[in-house]
Every structure is written in structure tokens, then in C-alpha cells.
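**Q** So that you have it, the file is data.pdb, and it contains PDB, C-alpha atoms, pLDDT in the B column:
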MODEL        1
ATOM      1  CA  MET O   1      61.714  36.216  56.549  1.00 40.00           C
ATOM      2  CA  PRO O   2      60.631  37.224  60.070  1.00 48.00           C
ATOM      3  CA  PRO O   3      60.681  34.525  62.731  1.00 45.00           C
ATOM      4  CA  SER O   4      57.424  32.680  63.308  1.00 47.00           C
ATOM      5  CA  SER O   5      55.779  32.747  66.702  1.00 55.00           C
ATOM      6  CA  ALA O   6      56.347  29.009  67.337  1.00 82.00           C
ATOM      7  CA  ALA O   7      59.447  29.410  69.507  1.00 92.00           C
ATOM      8  CA  ASP O   8      59.469  30.877  72.994  1.00 96.00           C
ATOM      9  CA  PRO O   9      60.219  34.581  72.470  1.00 97.00           C
ATOM     10  CA  ARG O  10      62.168  34.685  75.759  1.00 98.00           C
ATOM     11  CA  LEU O  11      64.575  32.053  74.445  1.00 98.00           C
ATOM     12  CA  VAL O  12      64.893  33.779  71.064  1.00 98.00           C
ATOM     13  CA  ALA O  13      65.740  37.035  72.870  1.00 98.00           C
ATOM     14  CA  SER O  14      68.162  35.229  75.187  1.00 98.00           C
ATOM     15  CA  ILE O  15      70.078  33.697  72.268  1.00 98.00           C
ATOM     16  CA  ARG O  16      70.302  37.084  70.567  1.00 98.00           C
ATOM     17  CA  SER O  17      71.460  38.768  73.773  1.00 98.00           C
ATOM     18  CA  LEU O  18      74.076  36.149  74.606  1.00 98.00           C
ATOM     19  CA  LEU O  19      75.522  36.250  71.094  1.00 98.00           C
ATOM     20  CA  ALA O  20      75.590  40.064  71.131  1.00 98.00           C
ATOM     21  CA  GLN O  21      77.851  39.855  74.194  1.00 97.00           C
ATOM     22  CA  ARG O  22      80.316  37.517  72.459  1.00 97.00           C
ATOM     23  CA  ALA O  23      83.084  38.200  69.981  1.00 97.00           C
ATOM     24  CA  GLU O  24      82.355  37.732  66.279  1.00 93.00           C
ATOM     25  CA  GLY O  25      82.493  34.017  65.486  1.00 93.00           C
ATOM     26  CA  ALA O  26      82.081  32.964  69.128  1.00 97.00           C
ATOM     27  CA  THR O  27      79.440  30.396  69.993  1.00 98.00           C
ATOM     28  CA  ILE O  28      77.001  29.703  72.794  1.00 98.00           C
ATOM     29  CA  CYS O  29      75.395  26.494  73.966  1.00 98.00           C
ATOM     30  CA  PRO O  30      71.592  26.292  73.886  1.00 98.00           C
ATOM     31  CA  SER O  31      71.812  25.514  77.612  1.00 98.00           C
ATOM     32  CA  GLU O  32      73.111  29.044  78.247  1.00 98.00           C
ATOM     33  CA  ALA O  33      69.877  30.490  76.857  1.00 98.00           C
ATOM     34  CA  ALA O  34      67.829  27.893  78.748  1.00 98.00           C
ATOM     35  CA  ARG O  35      69.602  28.743  82.021  1.00 98.00           C
ATOM     36  CA  ALA O  36      69.146  32.488  81.461  1.00 98.00           C
ATOM     37  CA  VAL O  37      65.394  32.033  81.009  1.00 98.00           C
ATOM     38  CA  GLY O  38      64.622  29.064  83.243  1.00 97.00           C
ATOM     39  CA  GLY O  39      66.953  29.377  86.193  1.00 96.00           C
ATOM     40  CA  ASP O  40      66.939  26.119  88.161  1.00 96.00           C
ATOM     41  CA  GLU O  41      64.347  24.635  85.793  1.00 95.00           C
ATOM     42  CA  TRP O  42      66.553  25.119  82.711  1.00 97.00           C
ATOM     43  CA  ARG O  43      66.689  21.447  81.682  1.00 97.00           C
ATOM     44  CA  ASP O  44      63.014  21.532  80.688  1.00 97.00           C
ATOM     45  CA  LEU O  45      63.884  24.350  78.277  1.00 97.00           C
ATOM     46  CA  MET O  46      66.589  22.526  76.311  1.00 97.00           C
ATOM     47  CA  GLN O  47      64.322  21.437  73.435  1.00 96.00           C
ATOM     48  CA  PRO O  48      62.559  24.825  73.363  1.00 97.00           C
ATOM     49  CA  ALA O  49      66.031  26.467  73.219  1.00 98.00           C
ATOM     50  CA  ARG O  50      66.918  24.308  70.215  1.00 97.00           C
ATOM     51  CA  ASP O  51      63.551  25.277  68.680  1.00 97.00           C
ATOM     52  CA  ALA O  52      64.390  28.945  69.243  1.00 98.00           C
ATOM     53  CA  ALA O  53      67.748  28.403  67.554  1.00 98.00           C
ATOM     54  CA  ARG O  54      65.963  26.798  64.601  1.00 97.00           C
ATOM     55  CA  GLU O  55      63.711  29.835  64.310  1.00 97.00           C
ATOM     56  CA  LEU O  56      66.770  32.090  64.204  1.00 98.00           C
ATOM     57  CA  VAL O  57      68.407  29.809  61.610  1.00 98.00           C
ATOM     58  CA  ASP O  58      65.266  30.144  59.468  1.00 97.00           C
ATOM     59  CA  ALA O  59      65.498  33.927  59.850  1.00 97.00           C
ATOM     60  CA  GLY O  60      69.127  33.852  58.707  1.00 98.00           C
ATOM     61  CA  GLU O  61      70.436  35.223  62.004  1.00 98.00           C
ATOM     62  CA  VAL O  62      72.381  32.240  63.341  1.00 98.00           C
ATOM     63  CA  GLU O  63      74.021  28.962  62.394  1.00 98.00           C
ATOM     64  CA  VAL O  64      74.009  25.818  64.494  1.00 98.00           C
ATOM     65  CA  THR O  65      77.224  23.837  64.560  1.00 98.00           C
ATOM     66  CA  GLN O  66      78.470  20.519  65.824  1.00 97.00           C
ATOM     67  CA  ARG O  67      82.226  19.925  66.014  1.00 96.00           C
ATOM     68  CA  GLY O  68      82.658  23.136  64.001  1.00 94.00           C
ATOM     69  CA  GLU O  69      80.453  22.064  61.083  1.00 97.00           C
ATOM     70  CA  VAL O  70      77.069  23.650  60.325  1.00 98.00           C
ATOM     71  CA  VAL O  71      74.262  21.163  61.036  1.00 98.00           C
ATOM     72  CA  ASP O  72      70.476  21.052  60.983  1.00 97.00           C
ATOM     73  CA  VAL O  73      69.463  21.548  64.609  1.00 96.00           C
ATOM     74  CA  THR O  74      66.249  19.578  64.089  1.00 94.00           C
ATOM     75  CA  THR O  75      68.157  16.394  63.211  1.00 96.00           C
ATOM     76  CA  ALA O  76      71.463  16.872  65.056  1.00 97.00           C
ATOM     77  CA  ARG O  77      72.043  14.466  67.918  1.00 96.00           C
ATOM     78  CA  GLY O  78      74.120  15.485  70.889  1.00 95.00           C
ATOM     79  CA  PRO O  79      75.639  18.824  71.845  1.00 96.00           C
ATOM     80  CA  VAL O  80      75.382  21.739  69.413  1.00 98.00           C
ATOM     81  CA  ARG O  81      76.632  25.315  69.460  1.00 98.00           C
ATOM     82  CA  ILE O  82      74.991  28.483  68.123  1.00 98.00           C
ATOM     83  CA  ARG O  83      76.828  31.342  66.391  1.00 98.00           C
ATOM     84  CA  ARG O  84      75.861  34.421  64.427  1.00 98.00           C
ATOM     85  CA  ALA O  85      75.391  33.671  60.741  1.00 97.00           C
ATOM     86  CA  ARG O  86      78.415  34.414  58.610  1.00 88.00           C
TER      87      ARG O  86
ENDMDL
END
Output the structure of this file as C-alpha cells.
**A**
Amino acid sequence: MPPSSAADPRLVASIRSLLAQRAEGATICPSEAARAVGGDEWRDLMQPARDAARELVDAGEVEVTQRGEVVDVTTARGPVRIRRAR
């Protein structure tokens, strides 16, 4: 299923790029994608970064984890990590 156009394409691309630079199984924080796109205004992009991660989850590209366990990014509270889907 291709990603929908709901998420910010810059954040989707940033997540993909950051993960491509990491070792297999490594994770990134949504804030890394937000900082890469938003610079000093990155905090305003935290929810959009989580939305972009959700889009990539729906496409089967990534998993979102919390304390090492896969979680639903739309309901997870607190810090999450993003990794390539296994």
C-alpha cells in the first residue's frame, strides 16, 4: 500500500534518509526527523513527525517502538523510537 498524502513528505523523506544511514536494527527518534526538517522550529514538527512515522508504519516500511516493544504510534504516550520494519 503506498503512503497517503496526509503526512508531510519532507518528514517522511527525512525518516527514510536517517534510517538509511543507520545500521540494520538501529532506531531514530522522531525529533531527529523534526530537527532535520524544521531547524530551530523543530518542536512544532513533533506531532507531524509521529504522523509521518505512522504513514510509514501503514506502508510496512518502519516499526515504532517504546522500551523495545512495537507500539501503535497514534496511541503511545511518551518517547518512541522508529526502526526499519523487520
**Q** Smallest atom-to-atom distance to Pro9 (chain O): which of O:Val70, O:Ala53, O:Met46, O:Ala23, using only C-alpha atoms?
**A**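 That would be O:Ala53, the residue with the smallest distance to Pro9 (chain O).
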**Q** Might you spell out which residues the PyMOL selection byres ((chain O and resi 55) around 10) would select in the displayed file, as a list in words?
**A**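 Answer for the PyMOL selection byres ((chain O and resi 55) around 10): Pro2, Pro3, Ser4, Ser5, Ala6, Ala7, Asp8, Val12, Ala49, Arg50, Asp51, Ala52, Ala53, Arg54, Leu56, Val57, Asp58, Ala59, Gly60, Glu61 and Val62 of chain O.
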**Q** I need the residues from that last selection saved to file as an mmCIF file, in the coordinates of the input (with C-alpha atoms), if you can.
**A**
data_model
loop_
_atom_site.group_PDB
_atom_site.id
_atom_site.type_symbol
_atom_site.label_atom_id
_atom_site.label_comp_id
_atom_site.auth_asym_id
_atom_site.auth_seq_id
_atom_site.Cartn_x
_atom_site.Cartn_y
_atom_site.Cartn_z
ATOM 1 C CA PRO O 2 60.631 37.224 60.070
ATOM 2 C CA PRO O 3 60.681 34.525 62.731
ATOM 3 C CA SER O 4 57.424 32.680 63.308
ATOM 4 C CA SER O 5 55.779 32.747 66.702
ATOM 5 C CA ALA O 6 56.347 29.009 67.337
ATOM 6 C CA ALA O 7 59.447 29.410 69.507
ATOM 7 C CA ASP O 8 59.469 30.877 72.994
ATOM 8 C CA VAL O 12 64.893 33.779 71.064
ATOM 9 C CA ALA O 49 66.031 26.467 73.219
ATOM 10 C CA ARG O 50 66.918 24.308 70.215
ATOM 11 C CA ASP O 51 63.551 25.277 68.680
ATOM 12 C CA ALA O 52 64.390 28.945 69.243
ATOM 13 C CA ALA O 53 67.748 28.403 67.554
ATOM 14 C CA ARG O 54 65.963 26.798 64.601
ATOM 15 C CA LEU O 56 66.770 32.090 64.204
ATOM 16 C CA VAL O 57 68.407 29.809 61.610
ATOM 17 C CA ASP O 58 65.266 30.144 59.468
ATOM 18 C CA ALA O 59 65.498 33.927 59.850
ATOM 19 C CA GLY O 60 69.127 33.852 58.707
ATOM 20 C CA GLU O 61 70.436 35.223 62.004
ATOM 21 C CA VAL O 62 72.381 32.240 63.341
#
**Q** Would you mind telling me which residue in O:Val37, O:Val71, O:Ala76, O:Leu45 lies nearest to Ser17 (chain O) when using only C-alpha atoms?
**A** O:Val37
**Q** In Å, with one decimal, what is the gap from CA of Glu41 (chain O) to CA of Glu24 (chain O)?
**A** 29.6 Å
**Q** Point out the residue among O:Ile28, O:Ala20, O:Ala34, O:Leu11 with the least atom-to-atom distance to Val64 (chain O), counting only C-alpha atoms.
**A**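 Among the listed residues, O:Ile28 lies closest to Val64 (chain O).
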**Q** What is the distance, in Å and to one decimal place, between CA of Arg67 (chain O) and CA of Leu18 (chain O)?
**A**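 That distance, rounded to one decimal, is 20.1 Å.
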**Q** Using CA of Ser14 (chain O) and CA of Ala36 (chain O) as the two end points, give the distance in Å to one decimal.
**A**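 Here the two named atoms are 6.9 Å from each other.
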**Q** Could I see region 13-38 of chain O restored to N, CA and C atoms, set down as a PDB file, keeping the file's coordinate frame?
**A**
ATOM      1  N   ALA O  13      65.087  35.817  72.380  1.00 98.00           N
ATOM      2  CA  ALA O  13      65.740  37.035  72.870  1.00 98.00           C
ATOM      3  C   ALA O  13      67.011  36.698  73.641  1.00 98.00           C
ATOM      4  N   SER O  14      66.988  35.627  74.407  1.00 98.00           N
ATOM      5  CA  SER O  14      68.162  35.229  75.187  1.00 98.00           C
ATOM      6  C   SER O  14      69.312  34.836  74.269  1.00 98.00           C
ATOM      7  N   ILE O  15      69.030  34.075  73.227  1.00 98.00           N
ATOM      8  CA  ILE O  15      70.078  33.697  72.268  1.00 98.00           C
ATOM      9  C   ILE O  15      70.668  34.941  71.624  1.00 98.00           C
ATOM     10  N   ARG O  16      69.812  35.839  71.181  1.00 98.00           N
ATOM     11  CA  ARG O  16      70.302  37.084  70.567  1.00 98.00           C
ATOM     12  C   ARG O  16      71.176  37.869  71.536  1.00 98.00           C
ATOM     13  N   SER O  17      70.731  37.997  72.772  1.00 98.00           N
ATOM     14  CA  SER O  17      71.460  38.768  73.773  1.00 98.00           C
ATOM     15  C   SER O  17      72.808  38.130  74.092  1.00 98.00           C
ATOM     16  N   LEU O  18      72.822  36.836  74.291  1.00 98.00           N
ATOM     17  CA  LEU O  18      74.076  36.149  74.606  1.00 98.00           C
ATOM     18  C   LEU O  18      75.081  36.283  73.466  1.00 98.00           C
ATOM     19  N   LEU O  19      74.616  36.129  72.236  1.00 98.00           N
ATOM     20  CA  LEU O  19      75.522  36.250  71.094  1.00 98.00           C
ATOM     21  C   LEU O  19      76.027  37.677  70.928  1.00 98.00           C
ATOM     22  N   ALA O  20      75.181  38.660  71.246  1.00 98.00           N
ATOM     23  CA  ALA O  20      75.590  40.064  71.131  1.00 98.00           C
ATOM     24  C   ALA O  20      76.728  40.392  72.104  1.00 98.00           C
ATOM     25  N   GLN O  21      76.813  39.630  73.190  1.00 97.00           N
ATOM     26  CA  GLN O  21      77.851  39.855  74.194  1.00 97.00           C
ATOM     27  C   GLN O  21      79.156  39.132  73.858  1.00 97.00           C
ATOM     28  N   ARG O  22      79.138  38.319  72.815  1.00 97.00           N
ATOM     29  CA  ARG O  22      80.316  37.517  72.459  1.00 97.00           C
ATOM     30  C   ARG O  22      81.037  38.123  71.261  1.00 97.00           C
ATOM     31  N   ALA O  23      82.285  37.761  71.128  1.00 97.00           N
ATOM     32  CA  ALA O  23      83.084  38.200  69.981  1.00 97.00           C
ATOM     33  C   ALA O  23      82.518  37.593  68.704  1.00 97.00           C
ATOM     34  N   GLU O  24      82.775  38.244  67.583  1.00 93.00           N
ATOM     35  CA  GLU O  24      82.355  37.732  66.279  1.00 93.00           C
ATOM     36  C   GLU O  24      82.918  36.320  66.108  1.00 93.00           C
ATOM     37  N   GLY O  25      82.070  35.394  65.695  1.00 93.00           N
ATOM     38  CA  GLY O  25      82.493  34.017  65.486  1.00 93.00           C
ATOM     39  C   GLY O  25      82.410  33.138  66.721  1.00 93.00           C
ATOM     40  N   ALA O  26      82.206  33.747  67.897  1.00 97.00           N
ATOM     41  CA  ALA O  26      82.081  32.964  69.128  1.00 97.00           C
ATOM     42  C   ALA O  26      80.733  32.256  69.150  1.00 97.00           C
ATOM     43  N   THR O  27      80.665  31.187  69.922  1.00 98.00           N
ATOM     44  CA  THR O  27      79.440  30.396  69.993  1.00 98.00           C
ATOM     45  C   THR O  27      78.891  30.369  71.414  1.00 98.00           C
ATOM     46  N   ILE O  28      77.632  29.973  71.499  1.00 98.00           N
ATOM     47  CA  ILE O  28      77.001  29.703  72.794  1.00 98.00           C
ATOM     48  C   ILE O  28      76.375  28.320  72.717  1.00 98.00           C
ATOM     49  N   CYS O  29      76.118  27.757  73.869  1.00 98.00           N
ATOM     50  CA  CYS O  29      75.395  26.494  73.966  1.00 98.00           C
ATOM     51  C   CYS O  29      73.917  26.824  74.196  1.00 98.00           C
ATOM     52  N   PRO O  30      73.008  26.048  73.607  1.00 98.00           N
ATOM     53  CA  PRO O  30      71.592  26.292  73.886  1.00 98.00           C
ATOM     54  C   PRO O  30      71.271  26.294  75.384  1.00 98.00           C
ATOM     55  N   SER O  31      72.055  25.553  76.166  1.00 98.00           N
ATOM     56  CA  SER O  31      71.812  25.514  77.612  1.00 98.00           C
ATOM     57  C   SER O  31      72.026  26.876  78.263  1.00 98.00           C
ATOM     58  N   GLU O  32      72.895  27.700  77.688  1.00 98.00           N
ATOM     59  CA  GLU O  32      73.111  29.044  78.247  1.00 98.00           C
ATOM     60  C   GLU O  32      71.827  29.866  78.159  1.00 98.00           C
ATOM     61  N   ALA O  33      71.145  29.774  77.018  1.00 98.00           N
ATOM     62  CA  ALA O  33      69.877  30.490  76.857  1.00 98.00           C
ATOM     63  C   ALA O  33      68.818  29.888  77.781  1.00 98.00           C
ATOM     64  N   ALA O  34      68.800  28.559  77.875  1.00 98.00           N
ATOM     65  CA  ALA O  34      67.829  27.893  78.748  1.00 98.00           C
ATOM     66  C   ALA O  34      68.043  28.291  80.207  1.00 98.00           C
ATOM     67  N   ARG O  35      69.300  28.351  80.639  1.00 98.00           N
ATOM     68  CA  ARG O  35      69.602  28.743  82.021  1.00 98.00           C
ATOM     69  C   ARG O  35      69.216  30.201  82.281  1.00 98.00           C
ATOM     70  N   ALA O  36      69.463  31.070  81.295  1.00 98.00           N
ATOM     71  CA  ALA O  36      69.146  32.488  81.461  1.00 98.00           C
ATOM     72  C   ALA O  36      67.642  32.698  81.627  1.00 98.00           C
ATOM     73  N   VAL O  37      66.854  31.884  80.951  1.00 98.00           N
ATOM     74  CA  VAL O  37      65.394  32.033  81.009  1.00 98.00           C
ATOM     75  C   VAL O  37      64.787  31.210  82.141  1.00 98.00           C
ATOM     76  N   GLY O  38      65.277  29.996  82.332  1.00 97.00           N
ATOM     77  CA  GLY O  38      64.622  29.064  83.243  1.00 97.00           C
ATOM     78  C   GLY O  38      65.191  28.926  84.626  1.00 97.00           C
TER      79      GLY O  38
END
